[in-house]
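Text of data_1.cif, listed as mmCIF, C-alpha atoms:
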```cif
data_final
loop_
_atom_site.label_atom_id
_atom_site.label_comp_id
_atom_site.auth_asym_id
_atom_site.auth_seq_id
_atom_site.Cartn_x
_atom_site.Cartn_y
_atom_site.Cartn_z
CA MET T 235 -62.41 205.16 51.36
CA ILE T 236 -65.41 203.59 49.70
CA SER T 237 -65.79 201.12 52.57
CA GLN T 238 -66.02 204.05 54.98
CA LEU T 239 -68.57 205.68 52.71
CA ASN T 240 -70.60 202.48 52.67
CA HIS T 241 -70.53 202.38 56.48
CA TRP T 242 -71.93 205.90 56.74
CA ILE T 243 -74.61 205.08 54.18
CA GLU T 244 -75.58 202.07 56.30
CA ILE T 245 -75.94 204.38 59.29
CA GLY T 246 -77.97 206.83 57.22
CA GLY T 247 -80.14 204.01 55.89
CA THR T 248 -80.87 202.86 59.43
CA ALA T 249 -81.85 206.40 60.42
CA VAL T 250 -84.15 206.68 57.39
CA ASP T 251 -85.80 203.36 58.25
CA ALA T 252 -86.36 204.65 61.79
CA VAL T 253 -88.02 207.76 60.35
CA LEU T 254 -90.33 205.56 58.25
CA VAL T 255 -91.38 203.54 61.31
CA LEU T 256 -92.05 206.74 63.25
CA ARG T 257 -94.03 208.17 60.33
CA VAL T 258 -96.21 205.06 60.12
CA LEU T 259 -96.89 205.21 63.86
CA GLN T 260 -97.46 208.96 63.84
CA LEU T 261 -100.08 208.68 61.10
CA ARG T 262 -101.53 205.59 62.81
CA LEU T 263 -101.22 203.66 59.60
CA HIS T 264 -100.37 200.52 61.59
CA ARG T 265 -104.08 200.13 62.29
CA THR T 266 -104.74 199.41 58.62
CA TYR T 267 -101.35 198.27 57.35
CA LEU T 268 -100.33 195.64 59.90
CA PHE T 269 -97.88 193.66 57.75
CA ILE T 270 -96.44 196.76 56.13
CA THR T 271 -95.72 198.04 59.64
CA LEU T 272 -94.09 194.69 60.43
CA PHE T 273 -91.97 195.03 57.27
CA CYS T 274 -90.82 198.51 58.35
CA VAL T 275 -90.02 197.40 61.91
CA LEU T 276 -88.07 194.35 60.71
CA GLY T 277 -86.09 196.53 58.31
CA LEU T 278 -85.05 198.77 61.19
CA PHE T 279 -84.34 195.76 63.42
CA PHE T 280 -82.03 194.03 60.95
CA ASP T 281 -80.33 197.33 60.11
CA GLY T 282 -79.52 197.70 63.79
CA ILE T 283 -78.09 194.18 63.92
CA MET T 284 -76.00 194.93 60.83
CA LEU T 285 -74.48 198.01 62.47
CA TRP T 286 -73.86 196.06 65.68
CA LEU T 287 -72.23 193.00 64.12
CA GLY T 288 -70.78 194.63 61.01
CA SER T 289 -72.08 194.06 57.50
CA GLU T 290 -69.00 192.02 56.55
CA SER T 291 -68.99 189.74 59.62
CA ARG T 292 -69.80 186.04 59.51
CA GLU T 293 -72.31 186.51 62.32
CA PHE T 294 -74.31 188.99 60.26
CA ALA T 295 -74.07 186.71 57.23
CA ARG T 296 -75.91 184.07 59.27
CA VAL T 297 -78.48 186.61 60.45
CA PHE T 298 -78.94 187.71 56.84
CA VAL T 299 -79.68 184.17 55.69
CA TYR T 300 -82.13 183.59 58.53
CA SER T 301 -83.86 186.88 57.74
CA ARG T 302 -84.48 185.71 54.17
CA PHE T 303 -86.62 182.87 55.51
CA LEU T 304 -88.63 185.34 57.58
CA TYR T 305 -89.05 187.71 54.64
CA THR T 306 -90.40 184.82 52.56
CA PHE T 307 -93.62 185.33 54.51
CA VAL T 308 -93.38 189.05 55.21
CA PHE T 309 -92.87 190.18 51.58
CA PRO T 310 -96.10 188.61 50.22
CA ALA T 311 -98.07 189.69 53.30
CA ALA T 312 -96.88 193.29 52.89
CA ALA T 313 -97.68 193.20 49.17
CA TYR T 314 -101.20 191.97 49.99
CA ASP T 315 -101.49 194.69 52.65
CA VAL T 316 -100.78 197.44 50.12
CA TRP T 317 -104.37 197.24 48.90
CA ASP T 318 -106.15 197.38 52.26
CA GLU T 319 -107.43 200.94 51.86
CA ALA T 320 -108.95 199.90 48.52
CA LYS T 321 -109.96 196.38 49.54
CA VAL T 322 -113.62 196.89 48.63
CA GLN T 323 -112.80 197.98 45.07
CA VAL T 324 -110.16 195.31 44.44
CA ALA T 325 -111.54 192.40 46.49
CA ARG T 326 -112.20 190.07 43.56
CA ILE T 327 -108.98 190.69 41.63
CA ARG T 328 -106.88 190.62 44.82
CA LYS T 329 -108.22 187.19 45.72
CA SER T 330 -107.28 185.64 42.36
CA ALA T 331 -103.88 187.37 42.27
CA ALA T 332 -103.15 186.22 45.83
CA PHE T 333 -103.80 182.61 44.80
CA ARG T 334 -101.18 182.90 42.05
CA LEU T 335 -98.79 184.50 44.53
CA LEU T 336 -99.24 181.65 47.00
CA SER T 337 -98.84 179.04 44.27
CA SER T 338 -95.51 180.56 43.19
CA LEU T 339 -94.19 180.43 46.75
CA VAL T 340 -95.27 176.82 47.20
CA LEU T 341 -93.51 175.81 43.97
CA ALA T 342 -90.35 177.62 45.09
CA ALA T 343 -90.46 175.88 48.47
CA VAL T 344 -90.83 172.49 46.78
CA LEU T 345 -87.86 173.26 44.52
CA GLY T 346 -85.81 174.29 47.54
CA LEU T 347 -86.70 171.11 49.41
CA ILE T 348 -85.67 169.03 46.40
CA ILE T 349 -82.28 170.76 46.43
CA LEU T 350 -81.96 170.09 50.16
CA SER T 351 -82.77 166.42 49.75
CA VAL T 352 -80.28 165.97 46.90
CA ALA T 353 -77.39 167.75 48.64
CA GLY T 354 -78.30 166.91 52.21
CA GLY T 355 -76.02 163.89 52.38
CA GLU T 356 -72.85 165.96 52.21
CA GLU T 357 -72.19 167.30 55.72
CA ALA T 358 -69.50 169.70 54.56
CA SER T 359 -72.01 171.54 52.39
CA GLN T 360 -74.88 171.79 54.87
CA ASN T 361 -74.40 175.52 55.47
CA ALA T 362 -74.10 176.18 51.75
CA VAL T 363 -77.24 174.16 51.02
CA PHE T 364 -79.16 175.97 53.75
CA SER T 365 -78.02 179.33 52.38
CA THR T 366 -78.98 178.28 48.86
CA PHE T 367 -82.44 177.32 50.07
CA GLY T 368 -82.81 180.73 51.71
CA ILE T 369 -81.72 182.51 48.53
CA ILE T 370 -84.20 180.49 46.45
CA LEU T 371 -87.04 181.44 48.78
CA TRP T 372 -85.85 185.05 48.89
CA ALA T 373 -85.75 185.28 45.10
CA ALA T 374 -89.14 183.59 44.74
CA SER T 375 -90.76 185.76 47.40
CA SER T 376 -89.40 189.01 45.95
CA THR T 377 -90.27 188.10 42.36
CA ALA T 378 -93.73 186.76 43.19
CA SER T 379 -94.55 189.80 45.35
CA LEU T 380 -93.40 192.16 42.60
CA ALA T 381 -95.45 190.26 40.02
CA PHE T 382 -98.48 190.38 42.34
CA LEU T 383 -98.26 194.17 42.69
CA TRP T 384 -97.65 194.70 38.98
CA SER T 385 -100.57 192.45 38.00
CA MET T 386 -102.92 194.12 40.48
CA HIS T 387 -101.87 197.58 39.32
CA ARG T 388 -102.35 196.69 35.67
CA ILE T 389 -105.85 195.31 36.25
CA ALA T 390 -106.82 198.25 38.49
CA ARG T 391 -105.80 200.68 35.75
CA ALA T 392 -107.66 198.67 33.09
CA GLN T 393 -110.81 198.78 35.22
CA LYS T 394 -110.26 202.49 35.98
CA ILE T 395 -110.24 201.91 39.74
CA GLU T 396 -109.24 205.08 41.58
CA LEU T 397 -106.68 204.20 44.24
CA PRO T 398 -106.36 206.03 47.59
CA ARG T 399 -103.24 208.17 47.99
CA ASN T 400 -101.51 205.87 50.47
CA THR T 401 -102.27 202.84 48.30
CA SER T 402 -100.53 204.52 45.36
CA VAL T 403 -97.57 205.48 47.55
CA TRP T 404 -97.14 202.02 49.05
CA LEU T 405 -97.64 200.45 45.62
CA LEU T 406 -94.77 202.36 44.03
CA PHE T 407 -92.58 202.03 47.12
CA PHE T 408 -92.91 198.25 47.26
CA GLN T 409 -92.57 197.80 43.52
CA LEU T 410 -89.25 199.64 43.67
CA THR T 411 -88.26 197.81 46.87
CA PHE T 412 -89.01 194.34 45.52
CA ALA T 413 -87.24 195.16 42.26
CA ALA T 414 -84.16 196.05 44.32
CA GLU T 415 -84.53 192.78 46.26
CA VAL T 416 -84.55 190.81 43.00
CA VAL T 417 -81.42 192.64 41.84
CA SER T 418 -79.75 192.08 45.23
CA CYS T 419 -80.54 188.37 45.08
CA PHE T 420 -78.97 188.11 41.63
CA LEU T 421 -75.89 190.01 42.82
CA VAL T 422 -75.51 187.70 45.83
CA ILE T 423 -75.51 184.71 43.48
CA ILE T 424 -72.78 186.15 41.23
CA ASN T 425 -70.93 187.98 44.01
CA GLN T 426 -67.76 185.93 43.58
CA GLN T 427 -67.34 187.41 40.11
CA PHE T 428 -66.68 190.86 41.58
CA ASN T 429 -63.68 192.25 43.42
CA THR T 430 -64.06 194.07 46.75
CA PHE T 431 -64.21 197.53 45.20
CA VAL T 432 -67.01 196.62 42.79
CA SER T 433 -68.99 194.80 45.50
CA THR T 434 -68.71 197.77 47.86
CA THR T 435 -69.69 200.19 45.08
CA ILE T 436 -72.79 198.11 44.39
CA ASP T 437 -73.64 198.11 48.11
CA VAL T 438 -73.27 201.91 48.19
CA SER T 439 -75.54 202.29 45.15
CA LEU T 440 -78.23 200.02 46.58
CA GLY T 441 -77.98 201.76 49.95
CA LEU T 442 -78.50 205.19 48.38
CA TYR T 443 -81.34 203.83 46.27
CA GLY T 444 -83.09 202.35 49.32
CA ALA T 445 -82.66 205.53 51.36
CA PHE T 446 -84.04 207.68 48.54
CA ILE T 447 -87.22 205.67 47.96
CA THR T 448 -87.80 205.40 51.72
CA LEU T 449 -87.51 209.18 52.17
CA TRP T 450 -89.87 209.66 49.25
CA CYS T 451 -92.35 207.29 50.91
CA VAL T 452 -92.10 209.16 54.23
CA TRP T 453 -92.78 212.45 52.44
CA LYS T 454 -95.79 211.17 50.47
CA LEU T 455 -97.68 209.24 53.17
CA ARG T 456 -100.79 210.88 54.60
CA PRO T 457 -103.22 210.12 57.47
CA LEU T 458 -106.04 207.68 56.83
CA PRO T 459 -109.33 209.13 55.54
CA SER T 460 -111.86 209.77 58.28
CA ASP T 461 -114.22 207.09 56.97
CA LEU T 462 -111.51 204.48 57.55
CA SER T 463 -110.20 205.71 60.89
CA ALA T 464 -113.53 206.61 62.50
CA PRO T 465 -114.76 203.07 63.27
CA GLU T 466 -111.42 202.16 64.84
CA ASN T 467 -111.33 205.36 66.89
CA ALA T 468 -114.89 204.76 68.04
CA SER T 469 -113.98 201.37 69.44
CA LEU T 470 -111.19 202.78 71.65
#
```
Entire entry expressed as structure tokens:
Amino acid sequence: MISQLNHWIEIGGTAVDAVLVLRVLQLRLHRTYLFITLFCVLGLFFDGIMLWLGSESREFARVFVYSRFLYTFVFPAAAYDVWDEAKVQVARIRKSAAFRLLSSLVLAAVLGLIILSVAGGEEASQNAVFSTFGIILWAASSTASLAFLWSMHRIARAQKIELPRNTSVWLLFFQLTFAAEVVSCFLVIINQQFNTFVSTTIDVSLGLYGAFITLWCVWKLRPLPSDLSAPENASL
């Protein structure tokens, strides 16, 4: 019963992700938020693959691991993109925060490579080592991106910087999204401690959570201010 419920939530989540992509394109936000648009499109793409292959299949498990390597770059880029409507006001603090974000990812990559070199001699564990490397990068990328957004938000509030509406919406959306990614990463690590019912229940909860915050984001997004969209429209 709960497995069937999870399947329908996966279908619903895919539909909600499609609505988000359409909303971004409708409002022409892709002109300013390039990497956020890429994040939305990739979410829809991998959701489609999940429905096609099945979330419990070995084939999708491989796709999932490969996607974590891709998201290692997409997560920080999307987090950096959040501030593009306010880039003039936050230029200085964004630059210093981005350096810390990049440093965290480099350290995580070095740690992952050390693990690969230590365990690389055992052929039987190659897939496990590769997956572990992906999880390390996934955890580091999610955590570092969340820390970047939180740090930027804290400094912006301290300096009383007024954020554009879409910046505030994307900020909260990605903070909640990256927090869920961190939780998901932890659950993947300890997944063997749970039985099938508990694992499926967790998947259902995360699916509902993701669908809710995505619908909220779709509802709150607004067109770009005329002073941002005018130069781009004039060049067409």
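Separating atom CA of Thr266 of chain T from atom CA of Asp318 of chain T is a distance of 6.8 Å.
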| said: Report, in Å with one decimal, the straight-line distance from atom CA of Asn361 of chain T to atom CA of Arg292 of chain T. | reply: 12.2 Å
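Computed from the coordinates, the atom CA of Trp404 of chain T to atom CA of Val316 of chain T distance equals 5.9 Å.
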| query | Using the chain letters and numbers from the file, which residues does the PyMOL selection byres ((chain T and resi 428-435) around 12) grab, as a VMD selection string? | reply | chain T and resid 235 to 241 243 to 244 289 to 290 418 421 to 427 436 to 442
| message | My list of candidates is T:Arg334, T:His264, T:Arg326, T:Arg302. Which is closest to Ala390 of chain T when distances are computed with all atoms listed in the file? | response |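 For Ala390 of chain T, the nearest of the given residues is T:Arg326.
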| Residues matched by the PyMOL selection byres ((chain T and resi 455) around 8) as a list in words | Arg399, Asn400, Val403, Cys451, Val452, Trp453, Lys454, Arg456 and Pro457 of chain T
File dump, residues just selected, C-alpha atoms, as a CSV table (one decimal), in the frame of the given file:
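Output (result39.csv):
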```
chain,number,residue,atom,x,y,z
T,399,ARG,CA,-103.2,208.2,48.0
T,400,ASN,CA,-101.5,205.9,50.5
T,403,VAL,CA,-97.6,205.5,47.6
T,451,CYS,CA,-92.4,207.3,50.9
T,452,VAL,CA,-92.1,209.2,54.2
T,453,TRP,CA,-92.8,212.4,52.4
T,454,LYS,CA,-95.8,211.2,50.5
T,456,ARG,CA,-100.8,210.9,54.6
T,457,PRO,CA,-103.2,210.1,57.5
```
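Residue selection for this entry, given the PyMOL selection byres ((chain T and resi 444) around 10), comprises Gly247, Val250, Asp251, Phe407, Leu410, Thr411, Ala414, Val438, Ser439, Leu440, Gly441, Leu442, Tyr443, Ala445, Phe446, Ile447, Thr448, Leu449 and Trp450 of chain T.
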Those residues with C-alpha atoms, as a CSV table (one decimal), in the coordinates of the input please?
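Output (result.csv):
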```
chain,number,residue,atom,x,y,z
T,247,GLY,CA,-80.1,204.0,55.9
T,250,VAL,CA,-84.2,206.7,57.4
T,251,ASP,CA,-85.8,203.4,58.2
T,407,PHE,CA,-92.6,202.0,47.1
T,410,LEU,CA,-89.2,199.6,43.7
T,411,THR,CA,-88.3,197.8,46.9
T,414,ALA,CA,-84.2,196.0,44.3
T,438,VAL,CA,-73.3,201.9,48.2
T,439,SER,CA,-75.5,202.3,45.2
T,440,LEU,CA,-78.2,200.0,46.6
T,441,GLY,CA,-78.0,201.8,50.0
T,442,LEU,CA,-78.5,205.2,48.4
T,443,TYR,CA,-81.3,203.8,46.3
T,445,ALA,CA,-82.7,205.5,51.4
T,446,PHE,CA,-84.0,207.7,48.5
T,447,ILE,CA,-87.2,205.7,48.0
T,448,THR,CA,-87.8,205.4,51.7
T,449,LEU,CA,-87.5,209.2,52.2
T,450,TRP,CA,-89.9,209.7,49.2
```
| said: Can you pull out the residues contacting Lys321 of chain T? Cut-off 12 Å, using all atoms listed in the file, and skip same-chain residues under 2 positions away; I want them as a PyMOL selection string. | reply: chain T and resi 266-267+314-319+323-329+386+390+395-398+401+462
| message | Using all atoms listed in the file for the distances, tell me which of T:Ala373, T:Leu304, T:Leu256, T:Ala381 is nearest to Leu276 of chain T. | response | T:Leu304
| 9 Å contact set for Leu285 of chain T, all atoms listed in the file, chain neighbours under 2 positions out, as number ranges by chain | T: 241, 244-245, 248, 280-283, 287-289
| T:Leu278, T:Val299, T:Val340, T:Ala249: which is nearest Val363 of chain T, counting all atoms listed in the file? |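 Of the candidates, the smallest distance to Val363 of chain T is held by T:Val299.
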